[in-house]
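Step one of this worksheet: look at the structure below.
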Amino acid sequence: LLTATKYTDGSKWRFLEHKGPVFAPPYEPLPDKVKFYYDGKPLKLSAPAEEVATFFAKMLDHEYTTKDIFRKNFFKDWRKEMTSEEKSKITDLNKCNFSDMNEYFKAQSEARKQMSKEEKQKIKEENERLLQEYGFCIMDNHKERIGNFRIEPPGLFRGRGDHPKMGMLKRRIRPEDIIINCSKDSKHPKPPPGTKWKEVRYDNKVTWLASWTENIQGSIKYIMLNPSSRIKGEKDWQKYETARRLKKCVDRIRNQYRDDWKSKEMRIRQRAVALYFIDKLALRAGNEKEEGETADTVGCCSLRVEHIKLYPKMDDQEYVVEFDFLGKDSIRYYNKIPVEKRVFKNLQLFLENKQPEDDLFDRLNTSILNKHLQELMDGLTAKVFRTYNASITLQQQLKELTCSDDSIPAKILSYNRANRAVAILCNHQRAPPKTFEKSMQNLQTKIDEKQNQLSAARKQLKAAKADHKASHDDKSKKIEEQLMKLQVQATDREENKQIALGTSKLNYLDPRISVAWCKKWDIPIEKIYNKTQREKFAWAIDMAEKDYEF
DNA sequence: GGCAAGACTTGGCGGGACATGT
DNA sequence: ACATGTCCCGCCAAGTCTTGCC
């Protein structure tokens with residue numbers, strides 16, 4: 001576990017120097033011609049109230065501005081920004097008319113799109129300058145890219161799913177809110193003129209450069225390094241090494257939990273069934289959440305009775321469990337799987353005398369589960385199973401799907417299919433792209449055209465042969481290749497309609513498996529990883545040979 | 001030993017940069 | 001040169017797990 005760690009005392013660095021964060025630009029009041037109307041009459045708002053009003057005005061096209069909770073939360077927070085005079089006048093959100101403001105912002109964004117090349121270039125250069133000045137730090141002896149050096153601008157909190165806090169005001173972050181972390185002997189970042197940092201500290205047991213507390217959940221936000229940095233790369237490597245250690249003992253652990261299904265103790269049975277789900281279905285751990293603070297979502301340990309249904313028989317299968325719940329980001333998990341009889345009987349037992357809203361595993365939580373896992377293997381936690389099962393699935397699928405005589409595009413289709421198997425396992429879904437149908441149609445048109453080209457070329461070839469002229473075979477071959485490429489593209493896109501590959505690629509698949517596969521089949525790594533991904537996985541690209549085994 | 005705070009990883013989405021075709 | 005389509009990246013949120021405190 002310590003092989004990747006630079007220091008043994010738990011410190012993460014010796015030297016850290018940076019320029020601090022970039023703050024959101026200050027609020028620019030609206031031109032006088034842009035009006036806000038209350039109860040049909042124009043009303044000039046104070047700057048603070050106007051700013052918050054613009055947040056709402058910008059969102060008018062979104063469905064959520066019609067939602068009760070959103071409106072209620074917004075109005076409550078908006079009123080806090082009003083002068084007492086405004087407060088007494090503006091008492092009903094339904095009497096507020098933001099449409100003039102909304103149109104103004106639409107025009108603004110249209111104007112931005114219509115900007116000349118020179119103007120766009122100028123903005124680009126300014127961004128580049130900011131990046132050069134604030135986007136890097138020195139950690140130990142290396143210049144490293146910072147992940148998020150810009151402070152999030154104020155706005156209305158949306159959240160995902162049915163969030164009880166949607167519409168609340170996310171307040172502006174000032175230098176006085178920021179804790180700076182750097183090394184004592186570094187050139188300290190300067191707060192903007194006339195301001196002060198909340199605190200400057202020298203804590204080399206953590207990796208962040210700056211932090212502040214946000215006002216919606218009261219949680220801490222951080223400025224940290226980019227995934228390409230040494231500190232993130234080593235951590236990532238360590239994660240996959242832990243997953244590989246699980247590979248060595250997963251059989252033992254599986255036997256153990258199967259055994260535990262028979263335990264006399266309820267808590268052990270629950271633990272064993274939960275672990276089986278985490279292993280087999282790649283469920284997340286499922287920490288407890290504070291009710292009313294976030295959307296109602298669950299993971300394995302927090303599953304409730306209402307989230308599963310048991311079917312002793314379903315079609316030709318026995319002991320089927322149906323899962324239906326909202327997981328992380330309120331993404332629906334729906335699955336029907338046959339389980340061992342013992343698991344089924346246990347589930348029936350866990351459900352006895354319970355209400356739909358009761359916990360399925362009432363004697364279990366993530367802390368108990370992880371404590372148990374820690375005893376089974378050093379560094380083992382619930383999420384290691386997701387990493388392990390994702391990576392081992394990719395490796396197996398690649399072995400199974402790659403055909404040595406396939407062309408490069410066909411091999412890449414196989415890679416994407418292997419990746420897809422993992423994404424499905426991890427339930428990484430996406431909304432079908434808005435332009436999906438159209439883009440499929442376009443592709444089909446191209447395929448048809450190509451087919452026509454091909455038959456034309458073949459006809460030509462036949463004629464040429466009859467005339468004993470030089471062969472045009474090369475031409476049809478080239479067209480055939482292009483056609484095949486298009487067909488592969490169409491298949492890939494269709495299969496990927498509702499699947500998101502990015503998350504598993506970035507977070508769950510040991511990059512050395514992909515690097516080895518590329519080397520083995522002579523696929524350029526650029527076909528699998530884009531520039532950002534190659535930077536993040538530089539360690540693996542350096543390290544893995546074609547015979548690498550996860 | 002339980003709980004809140006803290007630190008860090010994982011997640012989907014949309015806008016805009018960039019590529020591609022006409 | 002321009003329109004259109006694609007993909008990347010930043011945004012910002014939501015998880016997991018550890019640490020620290022009473």
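Residue numbers start at 1 in each chain; chains themselves are named A, B, ... in the order of the structure tokens; ligands are numbered from 1 in the order shown.
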Who sits within 10 Å of range 4-17 of chain C, only C-alpha atoms (C1' of nucleotides), same chain under 3 positions skipped, as a VMD selection string: (chain A and resid 147 to 148 152 157 to 160 284 to 287 294 to 295 299 327 to 330 366 to 367 370 381 to 383 435 439 442 530 to 532) or (chain B and resid 7 to 22)
Polymer residues at most 9 Å from Glu176 in chain A, only C-alpha atoms (C1' of nucleotides), same-chain spacing of 4 or more positions, as a PyMOL selection string: chain A and resi 191+195-199
For chain A against chain B, with a cut-off of 8 Å and counting only C-alpha atoms (C1' of nucleotides), what is the closest atom pair and its distance in Å to one decimal for every residue that makes the cut, ordered by chain and number, as CSV?
```
residue,atom,partner,partner_atom,distance
A:Val206,CA,B:DA7,C1',7.6
A:Ile220,CA,B:DG6,C1',7.6
A:Lys328,CA,B:DG11,C1',7.8
A:Asp329,CA,B:DG11,C1',7.0
A:Arg430,CA,B:DG12,C1',7.0
A:Thr503,CA,B:DG11,C1',7.1
A:Asn507,CA,B:DT10,C1',7.0
```
Point-to-point distance in Å for CA of Leu283 in chain A and CA of Leu364 in chain A: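 These atoms are spaced 15.2 Å apart.
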Picked from range 164-233 of chain A by DSSP as strand (DSSP E), as a ChimeraX atom specification: /A:169-170,179-181,199-201,210-213,220-223
Contacts of Thr393 in chain A within 8 Å, only C-alpha atoms (C1' of nucleotides), excl. fewer than 3 positions in-chain, as number ranges by chain: A: 389-390, 396-397, 418, 421-422
Would you mind writing down, as a PDB file with C-alpha atoms, in the first residue's frame, each residue of range 91-263 of chain A that DSSP on the backbone assigns to alpha helix (DSSP H)?
```
ATOM      1  CA  SER A  99     -39.178  38.463 -19.212  1.00  0.00           C
ATOM      2  CA  ASP A 100     -37.557  41.723 -20.300  1.00  0.00           C
ATOM      3  CA  MET A 101     -34.438  40.766 -18.384  1.00  0.00           C
ATOM      4  CA  ASN A 102     -34.588  37.299 -19.868  1.00  0.00           C
ATOM      5  CA  GLU A 103     -34.691  38.670 -23.399  1.00  0.00           C
ATOM      6  CA  TYR A 104     -31.792  40.962 -22.652  1.00  0.00           C
ATOM      7  CA  PHE A 105     -29.632  38.013 -21.621  1.00  0.00           C
ATOM      8  CA  LYS A 106     -30.647  36.023 -24.661  1.00  0.00           C
ATOM      9  CA  ALA A 107     -29.626  38.947 -26.856  1.00  0.00           C
ATOM     10  CA  GLN A 108     -26.342  39.170 -24.977  1.00  0.00           C
ATOM     11  CA  SER A 109     -25.518  35.560 -25.564  1.00  0.00           C
ATOM     12  CA  GLU A 110     -26.507  35.922 -29.211  1.00  0.00           C
ATOM     13  CA  ALA A 111     -24.191  38.910 -29.493  1.00  0.00           C
ATOM     14  CA  ARG A 112     -21.411  36.870 -27.955  1.00  0.00           C
ATOM     15  CA  LYS A 113     -21.856  34.245 -30.633  1.00  0.00           C
ATOM     16  CA  GLN A 114     -21.780  36.912 -33.338  1.00  0.00           C
ATOM     17  CA  LYS A 117     -12.842  36.652 -34.896  1.00  0.00           C
ATOM     18  CA  GLU A 118     -10.601  39.320 -33.379  1.00  0.00           C
ATOM     19  CA  GLU A 119     -12.860  39.832 -30.381  1.00  0.00           C
ATOM     20  CA  LYS A 120     -13.040  36.124 -29.770  1.00  0.00           C
ATOM     21  CA  GLN A 121      -9.292  35.876 -30.089  1.00  0.00           C
ATOM     22  CA  LYS A 122      -8.872  38.597 -27.503  1.00  0.00           C
ATOM     23  CA  ILE A 123     -11.022  36.734 -24.992  1.00  0.00           C
ATOM     24  CA  LYS A 124      -9.125  33.577 -25.666  1.00  0.00           C
ATOM     25  CA  GLU A 125      -5.852  35.313 -25.011  1.00  0.00           C
ATOM     26  CA  GLU A 126      -7.119  36.770 -21.754  1.00  0.00           C
ATOM     27  CA  ASN A 127      -8.200  33.300 -20.647  1.00  0.00           C
ATOM     28  CA  GLU A 128      -4.820  31.939 -21.573  1.00  0.00           C
ATOM     29  CA  ARG A 129      -3.133  34.690 -19.571  1.00  0.00           C
ATOM     30  CA  LEU A 130      -5.234  33.847 -16.502  1.00  0.00           C
ATOM     31  CA  LEU A 131      -4.424  30.188 -16.955  1.00  0.00           C
ATOM     32  CA  GLN A 132      -0.710  30.884 -17.149  1.00  0.00           C
ATOM     33  CA  GLU A 133      -0.791  33.118 -14.105  1.00  0.00           C
ATOM     34  CA  TYR A 134      -3.179  31.237 -11.835  1.00  0.00           C
ATOM     35  CA  ARG A 230       1.986  13.589  -9.629  1.00  0.00           C
ATOM     36  CA  ILE A 231      -0.098  13.567  -6.497  1.00  0.00           C
ATOM     37  CA  LYS A 232      -3.316  12.525  -8.263  1.00  0.00           C
ATOM     38  CA  GLY A 233      -1.545  10.055 -10.533  1.00  0.00           C
ATOM     39  CA  GLU A 234       0.095   8.208  -7.667  1.00  0.00           C
ATOM     40  CA  LYS A 235      -3.194   7.990  -5.836  1.00  0.00           C
ATOM     41  CA  ASP A 236      -4.866   6.634  -8.936  1.00  0.00           C
ATOM     42  CA  TRP A 237      -2.165   4.023  -9.381  1.00  0.00           C
ATOM     43  CA  GLN A 238      -2.545   3.020  -5.747  1.00  0.00           C
ATOM     44  CA  LYS A 239      -6.278   2.595  -6.241  1.00  0.00           C
ATOM     45  CA  TYR A 240      -5.748   0.089  -9.041  1.00  0.00           C
ATOM     46  CA  GLU A 241      -3.059  -1.728  -7.087  1.00  0.00           C
ATOM     47  CA  THR A 242      -5.540  -2.194  -4.247  1.00  0.00           C
ATOM     48  CA  ALA A 243      -8.068  -3.561  -6.739  1.00  0.00           C
ATOM     49  CA  ARG A 244      -5.429  -5.979  -8.025  1.00  0.00           C
ATOM     50  CA  ARG A 245      -4.804  -7.199  -4.509  1.00  0.00           C
ATOM     51  CA  LEU A 246      -8.519  -7.870  -4.244  1.00  0.00           C
ATOM     52  CA  LYS A 247      -8.210 -10.000  -7.361  1.00  0.00           C
ATOM     53  CA  LYS A 248      -5.830 -12.267  -5.470  1.00  0.00           C
ATOM     54  CA  CYS A 249      -8.213 -12.884  -2.599  1.00  0.00           C
ATOM     55  CA  VAL A 250     -11.640 -12.380  -4.103  1.00  0.00           C
ATOM     56  CA  ASP A 251     -12.358 -16.117  -4.201  1.00  0.00           C
ATOM     57  CA  ARG A 252     -11.719 -16.420  -0.508  1.00  0.00           C
ATOM     58  CA  ILE A 253     -13.930 -13.415   0.211  1.00  0.00           C
ATOM     59  CA  ARG A 254     -16.717 -14.782  -1.953  1.00  0.00           C
ATOM     60  CA  ASN A 255     -16.603 -18.111  -0.183  1.00  0.00           C
ATOM     61  CA  GLN A 256     -16.672 -16.287   3.101  1.00  0.00           C
ATOM     62  CA  TYR A 257     -19.791 -14.258   2.364  1.00  0.00           C
ATOM     63  CA  ARG A 258     -21.562 -17.265   0.908  1.00  0.00           C
ATOM     64  CA  ASP A 259     -20.828 -19.016   4.154  1.00  0.00           C
ATOM     65  CA  ASP A 260     -22.122 -16.051   6.095  1.00  0.00           C
TER      66      ASP A 260
END
```
Atom-to-atom span, CA of Met440 in chain A and CA of Ile479 in chain A, Å: 20.5 Å
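Between CA of Ala24 in chain A and CA of Leu43 in chain A the separation is 27.1 Å.
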Exercise: range 508-522 of chain A partners within 8 Å, only C-alpha atoms (C1' of nucleotides), chain neighbours under 5 positions left out, as a list in words: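 Answer for this query is Tyr240, Arg386, Thr387, Tyr388, Ala390, Ser391, Leu394, Gln395, Leu398, Ser404, Thr503, Ile528, Phe537, Ala540, Ile541, Met543, Ala544, Glu545, Lys546, Asp547, Tyr548, Glu549 and Phe550 of chain A.
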Exercise: Lys354 in chain A partners within 10 Å, only C-alpha atoms (C1' of nucleotides), chain neighbours under 3 positions left out, as a PyMOL selection string: chain A and resi 304-306+350-351+357-360
Please, could you write that set of residues out with all heavy atoms as a PDB file, in the first residue's frame?
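Below is the file that was written, again_17.pdb:
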```pdb
ATOM      1  N   ARG A 304     -34.049   0.496   0.819  1.00  0.00           N
ATOM      2  CA  ARG A 304     -35.233   0.309   1.642  1.00  0.00           C
ATOM      3  C   ARG A 304     -36.113  -0.802   1.058  1.00  0.00           C
ATOM      4  O   ARG A 304     -35.936  -1.209  -0.092  1.00  0.00           O
ATOM      5  CB  ARG A 304     -36.023   1.622   1.722  1.00  0.00           C
ATOM      6  CG  ARG A 304     -35.224   2.751   2.358  1.00  0.00           C
ATOM      7  CD  ARG A 304     -36.108   3.951   2.672  1.00  0.00           C
ATOM      8  NE  ARG A 304     -36.674   4.564   1.494  1.00  0.00           N
ATOM      9  CZ  ARG A 304     -36.169   5.651   0.898  1.00  0.00           C
ATOM     10  NH1 ARG A 304     -35.064   6.225   1.358  1.00  0.00           N
ATOM     11  NH2 ARG A 304     -36.765   6.155  -0.165  1.00  0.00           N
ATOM     12  N   VAL A 305     -37.040  -1.244   1.882  1.00  0.00           N
ATOM     13  CA  VAL A 305     -37.934  -2.333   1.492  1.00  0.00           C
ATOM     14  C   VAL A 305     -38.607  -2.037   0.152  1.00  0.00           C
ATOM     15  O   VAL A 305     -38.732  -2.902  -0.710  1.00  0.00           O
ATOM     16  CB  VAL A 305     -38.991  -2.555   2.604  1.00  0.00           C
ATOM     17  CG1 VAL A 305     -40.085  -3.500   2.141  1.00  0.00           C
ATOM     18  CG2 VAL A 305     -38.313  -3.073   3.872  1.00  0.00           C
ATOM     19  N   GLU A 306     -39.005  -0.773  -0.008  1.00  0.00           N
ATOM     20  CA  GLU A 306     -39.724  -0.386  -1.228  1.00  0.00           C
ATOM     21  C   GLU A 306     -38.873  -0.480  -2.494  1.00  0.00           C
ATOM     22  O   GLU A 306     -39.392  -0.353  -3.596  1.00  0.00           O
ATOM     23  CB  GLU A 306     -40.254   1.046  -1.081  1.00  0.00           C
ATOM     24  CG  GLU A 306     -39.154   2.055  -0.823  1.00  0.00           C
ATOM     25  CD  GLU A 306     -39.672   3.404  -0.316  1.00  0.00           C
ATOM     26  OE1 GLU A 306     -40.643   3.901  -0.883  1.00  0.00           O
ATOM     27  OE2 GLU A 306     -39.081   3.941   0.646  1.00  0.00           O
ATOM     28  N   PHE A 350     -35.398 -10.609   5.800  1.00  0.00           N
ATOM     29  CA  PHE A 350     -35.129  -9.191   6.107  1.00  0.00           C
ATOM     30  C   PHE A 350     -36.378  -8.319   5.930  1.00  0.00           C
ATOM     31  O   PHE A 350     -36.500  -7.261   6.538  1.00  0.00           O
ATOM     32  CB  PHE A 350     -34.013  -8.614   5.212  1.00  0.00           C
ATOM     33  CG  PHE A 350     -32.708  -9.371   5.236  1.00  0.00           C
ATOM     34  CD1 PHE A 350     -31.799  -9.224   4.191  1.00  0.00           C
ATOM     35  CD2 PHE A 350     -32.373 -10.203   6.289  1.00  0.00           C
ATOM     36  CE1 PHE A 350     -30.593  -9.914   4.191  1.00  0.00           C
ATOM     37  CE2 PHE A 350     -31.173 -10.911   6.301  1.00  0.00           C
ATOM     38  CZ  PHE A 350     -30.283 -10.770   5.251  1.00  0.00           C
ATOM     39  N   LEU A 351     -37.276  -8.775   5.059  1.00  0.00           N
ATOM     40  CA  LEU A 351     -38.458  -7.970   4.749  1.00  0.00           C
ATOM     41  C   LEU A 351     -39.591  -8.157   5.763  1.00  0.00           C
ATOM     42  O   LEU A 351     -40.514  -7.337   5.831  1.00  0.00           O
ATOM     43  CB  LEU A 351     -38.999  -8.332   3.355  1.00  0.00           C
ATOM     44  CG  LEU A 351     -38.132  -7.942   2.152  1.00  0.00           C
ATOM     45  CD1 LEU A 351     -38.782  -8.410   0.857  1.00  0.00           C
ATOM     46  CD2 LEU A 351     -37.908  -6.441   2.105  1.00  0.00           C
ATOM     47  N   GLU A 357     -40.991   1.909   3.746  1.00  0.00           N
ATOM     48  CA  GLU A 357     -39.938   2.921   3.943  1.00  0.00           C
ATOM     49  C   GLU A 357     -38.880   2.496   4.970  1.00  0.00           C
ATOM     50  O   GLU A 357     -37.967   3.264   5.279  1.00  0.00           O
ATOM     51  CB  GLU A 357     -40.557   4.279   4.316  1.00  0.00           C
ATOM     52  CG  GLU A 357     -41.353   4.295   5.594  1.00  0.00           C
ATOM     53  CD  GLU A 357     -42.799   3.803   5.426  1.00  0.00           C
ATOM     54  OE1 GLU A 357     -43.149   3.190   4.361  1.00  0.00           O
ATOM     55  OE2 GLU A 357     -43.597   4.011   6.361  1.00  0.00           O
ATOM     56  N   ASP A 358     -38.980   1.270   5.471  1.00  0.00           N
ATOM     57  CA  ASP A 358     -37.962   0.769   6.404  1.00  0.00           C
ATOM     58  C   ASP A 358     -36.717   0.317   5.656  1.00  0.00           C
ATOM     59  O   ASP A 358     -36.780  -0.082   4.494  1.00  0.00           O
ATOM     60  CB  ASP A 358     -38.510  -0.430   7.208  1.00  0.00           C
ATOM     61  CG  ASP A 358     -39.580  -0.005   8.201  1.00  0.00           C
ATOM     62  OD1 ASP A 358     -39.640   1.206   8.517  1.00  0.00           O
ATOM     63  OD2 ASP A 358     -40.355  -0.876   8.641  1.00  0.00           O
ATOM     64  N   ASP A 359     -35.584   0.371   6.377  1.00  0.00           N
ATOM     65  CA  ASP A 359     -34.329  -0.098   5.784  1.00  0.00           C
ATOM     66  C   ASP A 359     -34.374  -1.593   5.540  1.00  0.00           C
ATOM     67  O   ASP A 359     -34.814  -2.362   6.397  1.00  0.00           O
ATOM     68  CB  ASP A 359     -33.149   0.197   6.733  1.00  0.00           C
ATOM     69  CG  ASP A 359     -32.795   1.673   6.745  1.00  0.00           C
ATOM     70  OD1 ASP A 359     -33.125   2.364   5.759  1.00  0.00           O
ATOM     71  OD2 ASP A 359     -32.193   2.125   7.737  1.00  0.00           O
ATOM     72  N   LEU A 360     -33.887  -2.004   4.354  1.00  0.00           N
ATOM     73  CA  LEU A 360     -33.779  -3.435   4.069  1.00  0.00           C
ATOM     74  C   LEU A 360     -32.739  -4.065   5.012  1.00  0.00           C
ATOM     75  O   LEU A 360     -32.995  -5.093   5.631  1.00  0.00           O
ATOM     76  CB  LEU A 360     -33.365  -3.634   2.610  1.00  0.00           C
ATOM     77  CG  LEU A 360     -33.021  -5.045   2.164  1.00  0.00           C
ATOM     78  CD1 LEU A 360     -34.220  -5.972   2.276  1.00  0.00           C
ATOM     79  CD2 LEU A 360     -32.501  -5.045   0.724  1.00  0.00           C
TER      80      LEU A 360
END
```
